[in-house]
Every structure is written in structure tokens, then in C-alpha cells.
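Colleague: What follows is upload.tsv, made up of TSV, N, CA and C atoms:
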chain	number	residue	atom	x	y	z
G	28	MET	N	-21.15	-153.80	-95.25
G	28	MET	CA	-22.10	-153.03	-94.46
G	28	MET	C	-22.94	-153.98	-93.61
G	29	LYS	N	-23.17	-153.56	-92.39
G	29	LYS	CA	-23.96	-154.36	-91.46
G	29	LYS	C	-25.40	-153.86	-91.42
G	30	ILE	N	-26.31	-154.80	-91.28
G	30	ILE	CA	-27.73	-154.50	-91.12
G	30	ILE	C	-28.24	-155.33	-89.96
G	31	LEU	N	-28.98	-154.70	-89.06
G	31	LEU	CA	-29.61	-155.39	-87.95
G	31	LEU	C	-31.08	-155.59	-88.29
G	32	CYS	N	-31.54	-156.84	-88.22
G	32	CYS	CA	-32.94	-157.18	-88.45
G	32	CYS	C	-33.55	-157.65	-87.13
G	33	VAL	N	-34.70	-157.07	-86.77
G	33	VAL	CA	-35.35	-157.40	-85.50
G	33	VAL	C	-36.78	-157.84	-85.79
G	34	ASP	N	-37.09	-159.07	-85.40
G	34	ASP	CA	-38.43	-159.62	-85.60
G	34	ASP	C	-38.59	-160.80	-84.66
G	35	ASP	N	-39.76	-160.96	-84.08
G	35	ASP	CA	-39.98	-162.08	-83.17
G	35	ASP	C	-40.30	-163.38	-83.91
G	36	ASP	N	-40.43	-163.32	-85.21
G	36	ASP	CA	-40.71	-164.49	-86.04
G	36	ASP	C	-39.39	-165.01	-86.64
G	37	GLY	N	-38.96	-166.16	-86.18
G	37	GLY	CA	-37.70	-166.74	-86.65
G	37	GLY	C	-37.67	-166.98	-88.14
G	38	ASN	N	-38.80	-167.35	-88.74
G	38	ASN	CA	-38.84	-167.57	-90.19
G	38	ASN	C	-38.56	-166.28	-90.96
G	39	VAL	N	-39.11	-165.17	-90.48
G	39	VAL	CA	-38.87	-163.88	-91.12
G	39	VAL	C	-37.39	-163.52	-91.00
G	40	LEU	N	-36.82	-163.70	-89.81
G	40	LEU	CA	-35.40	-163.39	-89.62
G	40	LEU	C	-34.51	-164.23	-90.54
G	41	ARG	N	-34.81	-165.51	-90.66
G	41	ARG	CA	-34.01	-166.38	-91.54
G	41	ARG	C	-34.14	-165.94	-93.00
G	42	ALA	N	-35.34	-165.57	-93.42
G	42	ALA	CA	-35.54	-165.13	-94.81
G	42	ALA	C	-34.79	-163.82	-95.09
G	43	LEU	N	-34.88	-162.88	-94.15
G	43	LEU	CA	-34.17	-161.62	-94.32
G	43	LEU	C	-32.66	-161.84	-94.34
G	44	LYS	N	-32.18	-162.64	-93.42
G	44	LYS	CA	-30.74	-162.89	-93.33
G	44	LYS	C	-30.22	-163.54	-94.60
G	45	ARG	N	-30.94	-164.54	-95.09
G	45	ARG	CA	-30.52	-165.24	-96.32
G	45	ARG	C	-30.47	-164.25	-97.49
G	46	MET	N	-31.53	-163.45	-97.66
G	46	MET	CA	-31.59	-162.51	-98.77
G	46	MET	C	-30.48	-161.46	-98.66
G	47	LEU	N	-30.30	-160.90	-97.47
G	47	LEU	CA	-29.31	-159.83	-97.29
G	47	LEU	C	-27.88	-160.37	-97.44
G	48	GLN	N	-27.62	-161.56	-96.94
G	48	GLN	CA	-26.27	-162.12	-97.09
G	48	GLN	C	-25.97	-162.43	-98.55
G	49	MET	N	-26.97	-162.92	-99.29
G	49	MET	CA	-26.78	-163.17	-100.71
G	49	MET	C	-26.47	-161.88	-101.46
G	50	ALA	N	-26.98	-160.76	-100.95
G	50	ALA	CA	-26.73	-159.46	-101.57
G	50	ALA	C	-25.41	-158.85	-101.09
G	51	GLY	N	-24.73	-159.52	-100.16
G	51	GLY	CA	-23.42	-159.05	-99.72
G	51	GLY	C	-23.41	-158.26	-98.42
G	52	TYR	N	-24.51	-158.23	-97.71
G	52	TYR	CA	-24.57	-157.50	-96.44
G	52	TYR	C	-24.26	-158.43	-95.27
G	53	GLU	N	-23.55	-157.91	-94.29
G	53	GLU	CA	-23.38	-158.63	-93.03
G	53	GLU	C	-24.66	-158.40	-92.24
G	54	THR	N	-25.31	-159.48	-91.83
G	54	THR	CA	-26.63	-159.37	-91.21
G	54	THR	C	-26.61	-159.90	-89.79
G	55	LEU	N	-27.05	-159.05	-88.86
G	55	LEU	CA	-27.22	-159.44	-87.47
G	55	LEU	C	-28.72	-159.54	-87.21
G	56	THR	N	-29.12	-160.47	-86.35
G	56	THR	CA	-30.55	-160.63	-86.08
G	56	THR	C	-30.82	-160.61	-84.58
G	57	ALA	N	-32.03	-160.16	-84.26
G	57	ALA	CA	-32.50	-160.13	-82.88
G	57	ALA	C	-33.97	-160.49	-82.88
G	58	SER	N	-34.41	-161.21	-81.86
G	58	SER	CA	-35.81	-161.64	-81.81
G	58	SER	C	-36.67	-160.74	-80.92
G	59	SER	N	-36.09	-159.65	-80.40
G	59	SER	CA	-36.86	-158.70	-79.60
G	59	SER	C	-36.19	-157.33	-79.68
G	60	ALA	N	-36.95	-156.30	-79.32
G	60	ALA	CA	-36.40	-154.94	-79.29
G	60	ALA	C	-35.25	-154.85	-78.30
G	61	GLN	N	-35.39	-155.48	-77.13
G	61	GLN	CA	-34.33	-155.44	-76.12
G	61	GLN	C	-33.05	-156.09	-76.64
G	62	GLU	N	-33.19	-157.23	-77.29
G	62	GLU	CA	-32.02	-157.90	-77.87
G	62	GLU	C	-31.38	-157.02	-78.95
G	63	GLY	N	-32.22	-156.36	-79.74
G	63	GLY	CA	-31.71	-155.45	-80.76
G	63	GLY	C	-30.93	-154.29	-80.15
G	64	MET	N	-31.46	-153.70	-79.07
G	64	MET	CA	-30.76	-152.61	-78.39
G	64	MET	C	-29.43	-153.09	-77.83
G	65	ASN	N	-29.42	-154.29	-77.27
G	65	ASN	CA	-28.17	-154.85	-76.73
G	65	ASN	C	-27.11	-154.98	-77.82
G	66	ILE	N	-27.52	-155.42	-78.99
G	66	ILE	CA	-26.59	-155.55	-80.12
G	66	ILE	C	-26.06	-154.18	-80.52
G	67	LEU	N	-26.94	-153.18	-80.60
G	67	LEU	CA	-26.52	-151.83	-80.99
G	67	LEU	C	-25.59	-151.21	-79.96
G	68	MET	N	-25.81	-151.50	-78.69
G	68	MET	CA	-24.93	-150.96	-77.64
G	68	MET	C	-23.52	-151.54	-77.75
G	69	LYS	N	-23.42	-152.79	-78.21
G	69	LYS	CA	-22.12	-153.45	-78.34
G	69	LYS	C	-21.44	-153.12	-79.66
G	70	ASP	N	-22.23	-152.85	-80.70
G	70	ASP	CA	-21.68	-152.66	-82.05
G	70	ASP	C	-22.32	-151.42	-82.67
G	71	SER	N	-21.66	-150.30	-82.57
G	71	SER	CA	-22.23	-149.05	-83.09
G	71	SER	C	-22.01	-148.92	-84.60
G	72	ASP	N	-21.32	-149.86	-85.21
G	72	ASP	CA	-21.02	-149.81	-86.63
G	72	ASP	C	-22.10	-150.50	-87.46
G	73	ILE	N	-23.35	-150.21	-87.13
G	73	ILE	CA	-24.50	-150.77	-87.85
G	73	ILE	C	-25.29	-149.58	-88.39
G	74	PRO	N	-25.22	-149.33	-89.70
G	74	PRO	CA	-25.88	-148.13	-90.22
G	74	PRO	C	-27.38	-148.25	-90.46
G	75	LEU	N	-27.92	-149.48	-90.43
G	75	LEU	CA	-29.33	-149.66	-90.77
G	75	LEU	C	-29.98	-150.72	-89.88
G	76	VAL	N	-31.17	-150.38	-89.38
G	76	VAL	CA	-31.97	-151.31	-88.58
G	76	VAL	C	-33.30	-151.52	-89.29
G	77	ILE	N	-33.66	-152.78	-89.48
G	77	ILE	CA	-34.96	-153.15	-90.04
G	77	ILE	C	-35.73	-153.85	-88.94
G	78	SER	N	-36.88	-153.32	-88.58
G	78	SER	CA	-37.66	-153.89	-87.47
G	78	SER	C	-39.08	-154.22	-87.91
G	79	ASP	N	-39.59	-155.30	-87.35
G	79	ASP	CA	-40.99	-155.64	-87.50
G	79	ASP	C	-41.81	-154.67	-86.65
G	80	TYR	N	-43.07	-154.48	-87.00
G	80	TYR	CA	-43.94	-153.62	-86.21
G	80	TYR	C	-44.52	-154.37	-85.01
G	81	HIS	N	-45.15	-155.50	-85.27
G	81	HIS	CA	-45.82	-156.26	-84.19
G	81	HIS	C	-44.84	-157.20	-83.51
G	82	MET	N	-44.41	-156.82	-82.31
G	82	MET	CA	-43.54	-157.65	-81.49
G	82	MET	C	-44.04	-157.56	-80.05
G	83	PRO	N	-43.78	-158.59	-79.25
G	83	PRO	CA	-44.20	-158.53	-77.84
G	83	PRO	C	-43.41	-157.46	-77.08
G	84	GLN	N	-43.96	-156.97	-76.02
G	84	GLN	CA	-43.39	-155.96	-75.14
G	84	GLN	C	-43.25	-154.58	-75.79
G	85	VAL	N	-42.47	-154.45	-76.85
G	85	VAL	CA	-42.22	-153.16	-77.49
G	85	VAL	C	-42.48	-153.29	-78.98
G	86	ASN	N	-43.35	-152.43	-79.53
G	86	ASN	CA	-43.59	-152.52	-80.97
G	86	ASN	C	-42.45	-151.85	-81.74
G	87	GLY	N	-42.44	-152.09	-83.03
G	87	GLY	CA	-41.36	-151.59	-83.87
G	87	GLY	C	-41.24	-150.08	-83.90
G	88	VAL	N	-42.35	-149.37	-83.84
G	88	VAL	CA	-42.30	-147.90	-83.84
G	88	VAL	C	-41.60	-147.40	-82.59
G	89	SER	N	-41.96	-147.93	-81.44
G	89	SER	CA	-41.31	-147.51	-80.19
G	89	SER	C	-39.82	-147.84	-80.22
G	90	PHE	N	-39.49	-149.01	-80.72
G	90	PHE	CA	-38.10	-149.43	-80.83
G	90	PHE	C	-37.31	-148.48	-81.73
G	91	LEU	N	-37.86	-148.17	-82.90
G	91	LEU	CA	-37.17	-147.28	-83.83
G	91	LEU	C	-37.10	-145.85	-83.28
G	92	ARG	N	-38.09	-145.45	-82.53
G	92	ARG	CA	-38.07	-144.13	-81.88
G	92	ARG	C	-36.90	-144.06	-80.87
G	93	ASP	N	-36.69	-145.14	-80.12
G	93	ASP	CA	-35.57	-145.20	-79.18
G	93	ASP	C	-34.23	-145.13	-79.92
G	94	ILE	N	-34.16	-145.82	-81.04
G	94	ILE	CA	-32.93	-145.77	-81.85
G	94	ILE	C	-32.71	-144.36	-82.37
G	95	GLN	N	-33.77	-143.71	-82.84
G	95	GLN	CA	-33.66	-142.35	-83.35
G	95	GLN	C	-33.11	-141.40	-82.28
G	96	SER	N	-33.58	-141.56	-81.05
G	96	SER	CA	-33.13	-140.64	-80.01
G	96	SER	C	-31.68	-140.92	-79.58
G	97	THR	N	-31.23	-142.16	-79.67
G	97	THR	CA	-29.88	-142.52	-79.27
G	97	THR	C	-28.88	-142.41	-80.42
G	98	TRP	N	-29.28	-142.88	-81.60
G	98	TRP	CA	-28.42	-142.88	-82.78
G	98	TRP	C	-29.20	-142.30	-83.96
G	99	PRO	N	-29.37	-141.00	-84.02
G	99	PRO	CA	-30.20	-140.40	-85.09
G	99	PRO	C	-29.68	-140.64	-86.49
G	100	GLU	N	-28.40	-140.97	-86.63
G	100	GLU	CA	-27.82	-141.18	-87.96
G	100	GLU	C	-28.13	-142.55	-88.56
G	101	LYS	N	-28.61	-143.47	-87.75
G	101	LYS	CA	-28.89	-144.82	-88.24
G	101	LYS	C	-30.16	-144.83	-89.11
G	102	GLY	N	-30.11	-145.60	-90.17
G	102	GLY	CA	-31.30	-145.80	-90.99
G	102	GLY	C	-32.29	-146.68	-90.24
G	103	ARG	N	-33.59	-146.38	-90.42
G	103	ARG	CA	-34.63	-147.09	-89.69
G	103	ARG	C	-35.76	-147.48	-90.64
G	104	PHE	N	-35.88	-148.79	-90.89
G	104	PHE	CA	-36.93	-149.32	-91.74
G	104	PHE	C	-37.91	-150.11	-90.87
G	105	LEU	N	-39.18	-150.01	-91.20
G	105	LEU	CA	-40.22	-150.74	-90.48
G	105	LEU	C	-40.91	-151.71	-91.43
G	106	LEU	N	-40.94	-152.98	-91.05
G	106	LEU	CA	-41.67	-154.02	-91.79
G	106	LEU	C	-43.04	-154.18	-91.16
G	107	THR	N	-44.08	-154.11	-91.95
G	107	THR	CA	-45.40	-154.27	-91.36
G	107	THR	C	-46.45	-154.64	-92.40
G	108	GLY	N	-47.45	-155.29	-91.93
G	108	GLY	CA	-48.65	-155.52	-92.73
G	108	GLY	C	-49.76	-154.59	-92.26
G	109	PHE	N	-49.41	-153.64	-91.38
G	109	PHE	CA	-50.39	-152.76	-90.75
G	109	PHE	C	-50.03	-151.30	-90.95
G	110	ALA	N	-49.73	-150.91	-92.18
G	110	ALA	CA	-49.30	-149.55	-92.46
G	110	ALA	C	-50.36	-148.50	-92.15
G	111	GLY	N	-51.61	-148.92	-92.03
G	111	GLY	CA	-52.68	-147.97	-91.77
G	111	GLY	C	-52.83	-147.58	-90.31
G	112	GLU	N	-52.11	-148.25	-89.41
G	112	GLU	CA	-52.25	-147.93	-87.99
G	112	GLU	C	-51.72	-146.52	-87.71
G	113	GLN	N	-52.40	-145.83	-86.81
G	113	GLN	CA	-52.12	-144.42	-86.54
G	113	GLN	C	-50.68	-144.16	-86.11
G	114	ASP	N	-50.13	-144.99	-85.22
G	114	ASP	CA	-48.76	-144.72	-84.76
G	114	ASP	C	-47.74	-144.97	-85.86
G	115	VAL	N	-48.03	-145.85	-86.82
G	115	VAL	CA	-47.15	-146.06	-87.96
G	115	VAL	C	-47.16	-144.82	-88.85
G	116	LYS	N	-48.34	-144.30	-89.12
G	116	LYS	CA	-48.45	-143.10	-89.95
G	116	LYS	C	-47.74	-141.92	-89.30
G	117	LYS	N	-47.96	-141.74	-88.00
G	117	LYS	CA	-47.33	-140.63	-87.29
G	117	LYS	C	-45.81	-140.78	-87.28
G	118	ALA	N	-45.32	-141.99	-87.07
G	118	ALA	CA	-43.87	-142.21	-87.06
G	118	ALA	C	-43.25	-141.89	-88.41
G	119	ALA	N	-43.95	-142.21	-89.49
G	119	ALA	CA	-43.45	-141.91	-90.82
G	119	ALA	C	-43.40	-140.39	-91.03
G	120	VAL	N	-44.44	-139.70	-90.63
G	120	VAL	CA	-44.49	-138.24	-90.77
G	120	VAL	C	-43.42	-137.57	-89.91
G	121	ASP	N	-43.20	-138.09	-88.71
G	121	ASP	CA	-42.24	-137.51	-87.77
G	121	ASP	C	-40.78	-137.84	-88.11
G	122	GLY	N	-40.55	-138.69	-89.10
G	122	GLY	CA	-39.18	-139.04	-89.48
G	122	GLY	C	-38.57	-140.16	-88.66
G	123	VAL	N	-39.38	-140.82	-87.84
G	123	VAL	CA	-38.88	-141.95	-87.06
G	123	VAL	C	-38.54	-143.10	-88.00
G	124	ILE	N	-39.35	-143.27	-89.01
G	124	ILE	CA	-39.17	-144.34	-90.00
G	124	ILE	C	-38.66	-143.72	-91.29
G	125	HIS	N	-37.55	-144.22	-91.80
G	125	HIS	CA	-37.05	-143.76	-93.09
G	125	HIS	C	-37.72	-144.48	-94.25
G	126	GLN	N	-38.12	-145.73	-94.00
G	126	GLN	CA	-38.76	-146.51	-95.06
G	126	GLN	C	-39.76	-147.46	-94.44
G	127	LEU	N	-40.95	-147.48	-94.98
G	127	LEU	CA	-41.99	-148.40	-94.57
G	127	LEU	C	-42.05	-149.51	-95.61
G	128	ILE	N	-41.85	-150.75	-95.17
G	128	ILE	CA	-41.83	-151.90	-96.07
G	128	ILE	C	-43.03	-152.78	-95.73
G	129	ASP	N	-43.88	-153.01	-96.71
G	129	ASP	CA	-45.05	-153.87	-96.51
G	129	ASP	C	-44.65	-155.34	-96.50
G	130	LYS	N	-45.31	-156.09	-95.61
G	130	LYS	CA	-45.18	-157.54	-95.61
G	130	LYS	C	-46.31	-158.11	-96.45
G	131	PRO	N	-46.07	-159.09	-97.25
G	131	PRO	CA	-44.76	-159.64	-97.57
G	131	PRO	C	-43.99	-158.68	-98.48
G	132	TRP	N	-42.71	-158.60	-98.30
G	132	TRP	CA	-41.88	-157.68	-99.06
G	132	TRP	C	-41.38	-158.37	-100.32
G	133	GLY	N	-41.01	-157.55	-101.29
G	133	GLY	CA	-40.33	-158.04	-102.49
G	133	GLY	C	-38.84	-157.86	-102.30
G	134	ASP	N	-38.06	-158.90	-102.50
G	134	ASP	CA	-36.61	-158.82	-102.25
G	134	ASP	C	-35.95	-157.68	-103.01
G	135	GLU	N	-36.24	-157.58	-104.30
G	135	GLU	CA	-35.59	-156.54	-105.12
G	135	GLU	C	-35.97	-155.15	-104.63
G	136	GLU	N	-37.23	-154.96	-104.27
G	136	GLU	CA	-37.67	-153.65	-103.76
G	136	GLU	C	-36.96	-153.31	-102.46
G	137	LEU	N	-36.88	-154.27	-101.55
G	137	LEU	CA	-36.22	-154.03	-100.26
G	137	LEU	C	-34.73	-153.75	-100.47
G	138	LEU	N	-34.08	-154.52	-101.32
G	138	LEU	CA	-32.66	-154.30	-101.60
G	138	LEU	C	-32.41	-152.94	-102.23
G	139	THR	N	-33.30	-152.49	-103.08
G	139	THR	CA	-33.18	-151.16	-103.69
G	139	THR	C	-33.32	-150.08	-102.62
G	140	CYS	N	-34.29	-150.22	-101.73
G	140	CYS	CA	-34.47	-149.26	-100.63
G	140	CYS	C	-33.22	-149.21	-99.75
G	141	ILE	N	-32.65	-150.36	-99.46
G	141	ILE	CA	-31.44	-150.43	-98.64
G	141	ILE	C	-30.29	-149.72	-99.34
G	142	ALA	N	-30.07	-150.03	-100.60
G	142	ALA	CA	-28.98	-149.41	-101.36
G	142	ALA	C	-29.17	-147.90	-101.44
G	143	ASN	N	-30.40	-147.46	-101.61
G	143	ASN	CA	-30.67	-146.01	-101.66
G	143	ASN	C	-30.37	-145.35	-100.33
G	144	LYS	N	-30.68	-146.01	-99.25
G	144	LYS	CA	-30.46	-145.43	-97.92
G	144	LYS	C	-28.97	-145.43	-97.55
G	145	LEU	N	-28.28	-146.53	-97.83
G	145	LEU	CA	-26.89	-146.66	-97.42
G	145	LEU	C	-25.92	-145.95	-98.34
G	146	GLY	N	-26.35	-145.62	-99.53
G	146	GLY	CA	-25.51	-144.84	-100.42
G	146	GLY	C	-24.60	-145.66	-101.30
G	147	PRO	N	-23.70	-144.96	-102.01
G	147	PRO	CA	-22.88	-145.60	-103.03
G	147	PRO	C	-21.88	-146.62	-102.49
G	148	GLY	N	-21.51	-146.54	-101.22
G	148	GLY	CA	-20.58	-147.52	-100.66
G	148	GLY	C	-21.24	-148.81	-100.24
G	149	ALA	N	-22.55	-148.88	-100.38
G	149	ALA	CA	-23.29	-150.07	-99.94
G	149	ALA	C	-23.02	-151.23	-100.86
G	150	THR	N	-22.99	-152.40	-100.28
G	150	THR	CA	-22.81	-153.63	-101.04
G	150	THR	C	-24.17	-154.10	-101.51
G	151	ASN	N	-24.29	-154.40	-102.76
G	151	ASN	CA	-25.49	-155.09	-103.25
G	151	ASN	C	-25.14	-155.83	-104.52
G	152	ASN	N	-25.51	-157.08	-104.54
G	152	ASN	CA	-25.19	-157.95	-105.66
G	152	ASN	C	-26.44	-158.45	-106.35
G	153	PHE	N	-27.51	-157.69	-106.36
G	153	PHE	CA	-28.74	-158.19	-106.97
G	153	PHE	C	-28.85	-157.73	-108.40
Translate the structure of the given file into C-alpha cells.
Modeller:
Amino acid sequence: MKILCVDDDGNVLRALKRMLQMAGYETLTASSAQEGMNILMKDSDIPLVISDYHMPQVNGVSFLRDIQSTWPEKGRFLLTGFAGEQDVKKAAVDGVIHQLIDKPWGDEELLTCIANKLGPGATNNF
């Protein structure tokens, strides 16, 4: 199973990629919403997108909202340390976000959320 991780912080992307690959997921990374959209346009076989909230140009909620309108079947997780912000709350209520993950995240918790979202065919070795 493929997972796309989008974050402007290279350290976060490396940590997510390392954790997800150790759990058996194929992990693609993007450092911006635009780069993430480009990846999705080229590879529609990505069932889950994990995005940071605070990114330059386009925040994670707007990015996930665009994904929802184009590919409503894709899972959409938001990583943030700002869960109290109004647009994050509204996006969760509106179904734009399937899972809100607090930073810093716990690997086991995130992997469990991923396995729950992707279903029984999902790879996880934790």
C-alpha cells in the first residue's frame, strides 16, 4: 500500500518515511501541496494522504479539501500541533479530514489509525 506524506519540514518527512517503510508501506513524500498534487495526478494508486497543517502557500486543510473534491475515496489525515484552529475543527466536522494526528505523533497510534483506515489488506508490521 502506498501512502503520500506532505510536509515542508524535511525532518518530519524523513521520520514518517522511515516509520512507514519499517511498517511495510510504500511511502512517497512531497515538500509542498503542489508537489503532492503532482504526485497524485501521476499516480492515482495512493489510498492515503497524510499532510501537515502549516505549510507555505497552501495549508493542509485546503490541500486535503482539494483532494476530497478530486479523489473523495482517498484517506486524508492531517498532522498538526494546532488542532484548536477553527478551519481544522470545521474540516473535521465536514469530513475533509478522516483523522487528526497531533504533533508530535506516537508511531504505534499513527500506524493503528492507518491500518484502521486502509482496512484488512493494509500492510503493517508493528
Colleague: In Å, rounded to a single decimal, give me how far atom N of G:Asn86 is from atom N of G:Thr56.
Modeller: 17.7 Å
Colleague: Which residues are close to G:His81, i.e. within 6.5 Å by only N, CA and C atoms, leaving aside same-chain residues fewer than 6 positions away? Reply as a PyMOL selection string.
Modeller: chain G and resi 35+87+106-107
Colleague: Suppose we keep N, CA and C atoms; can you now write the selection as an mmCIF file, keeping the file's coordinate frame?
Modeller:
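Writing done, so here's result32.cif:
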data_model
loop_
_atom_site.group_PDB
_atom_site.id
_atom_site.type_symbol
_atom_site.label_atom_id
_atom_site.label_comp_id
_atom_site.auth_asym_id
_atom_site.auth_seq_id
_atom_site.Cartn_x
_atom_site.Cartn_y
_atom_site.Cartn_z
ATOM 1 N N ASP G 35 -39.760 -160.960 -84.080
ATOM 2 C CA ASP G 35 -39.980 -162.080 -83.170
ATOM 3 C C ASP G 35 -40.300 -163.380 -83.910
ATOM 4 N N GLY G 87 -42.440 -152.090 -83.030
ATOM 5 C CA GLY G 87 -41.360 -151.590 -83.870
ATOM 6 C C GLY G 87 -41.240 -150.080 -83.900
ATOM 7 N N LEU G 106 -40.940 -152.980 -91.050
ATOM 8 C CA LEU G 106 -41.670 -154.020 -91.790
ATOM 9 C C LEU G 106 -43.040 -154.180 -91.160
ATOM 10 N N THR G 107 -44.080 -154.110 -91.950
ATOM 11 C CA THR G 107 -45.400 -154.270 -91.360
ATOM 12 C C THR G 107 -46.450 -154.640 -92.400
#
Colleague: Applying 6 Å and all atoms listed in the file, which residues near stretch 38-44 of chain G remain after dropping the ones on its own chain fewer than 4 positions away? List them as a ChimeraX atom specification.
Modeller: /G:48-49,54
Colleague: Can you spit out the residues from that selection as an mmCIF file, in the coordinates of the input, using N, CA and C atoms?
Modeller:
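Saved to again.cif:
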data_model
loop_
_atom_site.group_PDB
_atom_site.id
_atom_site.type_symbol
_atom_site.label_atom_id
_atom_site.label_comp_id
_atom_site.auth_asym_id
_atom_site.auth_seq_id
_atom_site.Cartn_x
_atom_site.Cartn_y
_atom_site.Cartn_z
ATOM 1 N N GLN G 48 -27.620 -161.560 -96.940
ATOM 2 C CA GLN G 48 -26.270 -162.120 -97.090
ATOM 3 C C GLN G 48 -25.970 -162.430 -98.550
ATOM 4 N N MET G 49 -26.970 -162.920 -99.290
ATOM 5 C CA MET G 49 -26.780 -163.170 -100.710
ATOM 6 C C MET G 49 -26.470 -161.880 -101.460
ATOM 7 N N THR G 54 -25.310 -159.480 -91.830
ATOM 8 C CA THR G 54 -26.630 -159.370 -91.210
ATOM 9 C C THR G 54 -26.610 -159.900 -89.790
#
Colleague: In Å, rounded to a single decimal, give me how far atom N of G:Lys144 is from atom C of G:Pro83.
Modeller: 28.0 Å
Colleague: Write out as number ranges by chain which residues come within 6.5 Å of G:His125 when counting all atoms listed in the file, dropping same-chain ones fewer than 4 positions away.
Modeller: G: 102-105, 119
Colleague: Please return as a ChimeraX atom specification: the residues of stretch 49-145 of chain G that backbone DSSP assigns to strand (DSSP E).
Modeller: /G:53-57,75-79,102-107,126-129
Colleague: Using the selection just defined, write its residues with N, CA and C atoms as a PDB file, in the frame of the given file.
Modeller:
ATOM      1  N   GLU G  53     -23.550-157.910 -94.290  1.00  0.00           N
ATOM      2  CA  GLU G  53     -23.380-158.630 -93.030  1.00  0.00           C
ATOM      3  C   GLU G  53     -24.660-158.400 -92.240  1.00  0.00           C
ATOM      4  N   THR G  54     -25.310-159.480 -91.830  1.00  0.00           N
ATOM      5  CA  THR G  54     -26.630-159.370 -91.210  1.00  0.00           C
ATOM      6  C   THR G  54     -26.610-159.900 -89.790  1.00  0.00           C
ATOM      7  N   LEU G  55     -27.050-159.050 -88.860  1.00  0.00           N
ATOM      8  CA  LEU G  55     -27.220-159.440 -87.470  1.00  0.00           C
ATOM      9  C   LEU G  55     -28.720-159.540 -87.210  1.00  0.00           C
ATOM     10  N   THR G  56     -29.120-160.470 -86.350  1.00  0.00           N
ATOM     11  CA  THR G  56     -30.550-160.630 -86.080  1.00  0.00           C
ATOM     12  C   THR G  56     -30.820-160.610 -84.580  1.00  0.00           C
ATOM     13  N   ALA G  57     -32.030-160.160 -84.260  1.00  0.00           N
ATOM     14  CA  ALA G  57     -32.500-160.130 -82.880  1.00  0.00           C
ATOM     15  C   ALA G  57     -33.970-160.490 -82.880  1.00  0.00           C
ATOM     16  N   LEU G  75     -27.920-149.480 -90.430  1.00  0.00           N
ATOM     17  CA  LEU G  75     -29.330-149.660 -90.770  1.00  0.00           C
ATOM     18  C   LEU G  75     -29.980-150.720 -89.880  1.00  0.00           C
ATOM     19  N   VAL G  76     -31.170-150.380 -89.380  1.00  0.00           N
ATOM     20  CA  VAL G  76     -31.970-151.310 -88.580  1.00  0.00           C
ATOM     21  C   VAL G  76     -33.300-151.520 -89.290  1.00  0.00           C
ATOM     22  N   ILE G  77     -33.660-152.780 -89.480  1.00  0.00           N
ATOM     23  CA  ILE G  77     -34.960-153.150 -90.040  1.00  0.00           C
ATOM     24  C   ILE G  77     -35.730-153.850 -88.940  1.00  0.00           C
ATOM     25  N   SER G  78     -36.880-153.320 -88.580  1.00  0.00           N
ATOM     26  CA  SER G  78     -37.660-153.890 -87.470  1.00  0.00           C
ATOM     27  C   SER G  78     -39.080-154.220 -87.910  1.00  0.00           C
ATOM     28  N   ASP G  79     -39.590-155.300 -87.350  1.00  0.00           N
ATOM     29  CA  ASP G  79     -40.990-155.640 -87.500  1.00  0.00           C
ATOM     30  C   ASP G  79     -41.810-154.670 -86.650  1.00  0.00           C
ATOM     31  N   GLY G 102     -30.110-145.600 -90.170  1.00  0.00           N
ATOM     32  CA  GLY G 102     -31.300-145.800 -90.990  1.00  0.00           C
ATOM     33  C   GLY G 102     -32.290-146.680 -90.240  1.00  0.00           C
ATOM     34  N   ARG G 103     -33.590-146.380 -90.420  1.00  0.00           N
ATOM     35  CA  ARG G 103     -34.630-147.090 -89.690  1.00  0.00           C
ATOM     36  C   ARG G 103     -35.760-147.480 -90.640  1.00  0.00           C
ATOM     37  N   PHE G 104     -35.880-148.790 -90.890  1.00  0.00           N
ATOM     38  CA  PHE G 104     -36.930-149.320 -91.740  1.00  0.00           C
ATOM     39  C   PHE G 104     -37.910-150.110 -90.870  1.00  0.00           C
ATOM     40  N   LEU G 105     -39.180-150.010 -91.200  1.00  0.00           N
ATOM     41  CA  LEU G 105     -40.220-150.740 -90.480  1.00  0.00           C
ATOM     42  C   LEU G 105     -40.910-151.710 -91.430  1.00  0.00           C
ATOM     43  N   LEU G 106     -40.940-152.980 -91.050  1.00  0.00           N
ATOM     44  CA  LEU G 106     -41.670-154.020 -91.790  1.00  0.00           C
ATOM     45  C   LEU G 106     -43.040-154.180 -91.160  1.00  0.00           C
ATOM     46  N   THR G 107     -44.080-154.110 -91.950  1.00  0.00           N
ATOM     47  CA  THR G 107     -45.400-154.270 -91.360  1.00  0.00           C
ATOM     48  C   THR G 107     -46.450-154.640 -92.400  1.00  0.00           C
ATOM     49  N   GLN G 126     -38.120-145.730 -94.000  1.00  0.00           N
ATOM     50  CA  GLN G 126     -38.760-146.510 -95.060  1.00  0.00           C
ATOM     51  C   GLN G 126     -39.760-147.460 -94.440  1.00  0.00           C
ATOM     52  N   LEU G 127     -40.950-147.480 -94.980  1.00  0.00           N
ATOM     53  CA  LEU G 127     -41.990-148.400 -94.570  1.00  0.00           C
ATOM     54  C   LEU G 127     -42.050-149.510 -95.610  1.00  0.00           C
ATOM     55  N   ILE G 128     -41.850-150.750 -95.170  1.00  0.00           N
ATOM     56  CA  ILE G 128     -41.830-151.900 -96.070  1.00  0.00           C
ATOM     57  C   ILE G 128     -43.030-152.780 -95.730  1.00  0.00           C
ATOM     58  N   ASP G 129     -43.880-153.010 -96.710  1.00  0.00           N
ATOM     59  CA  ASP G 129     -45.050-153.870 -96.510  1.00  0.00           C
ATOM     60  C   ASP G 129     -44.650-155.340 -96.500  1.00  0.00           C
TER      61      ASP G 129
END
Colleague: Rounded to one decimal place, report the atom N of G:Leu75-atom CA of G:Cys140 distance in Å.
Modeller: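 Taking atom N of G:Leu75 and atom CA of G:Cys140, their separation equals 12.1 Å.
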Colleague: Please identify which residues in stretch 35-143 of chain G DSSP calls helix (DSSP H, G or I) from the backbone, and express them as number ranges by chain.
Modeller: G: 37-49, 60-69, 87-97, 113-121, 134-143
Colleague: Which is closer to G:Lys116 than all the others in G:Val88, G:Ile94, G:Ala50, G:Ala142, using only C-alpha atoms?
Modeller: G:Val88
Colleague: Kindly indicate which residue among G:Gly51, G:Gly63, G:Gly108, G:Gly146 lies nearest to G:Asp34, using all atoms listed in the file for the distances.
Modeller: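 Ranked by minimum distance to G:Asp34, first place goes to G:Gly63.
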Colleague: Using only N, CA and C atoms, which of G:Leu31, G:Ser96, G:Glu62, G:Phe90 sits nearest G:Ile77?
Modeller: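 Result for the nearest residue to G:Ile77: G:Leu31.
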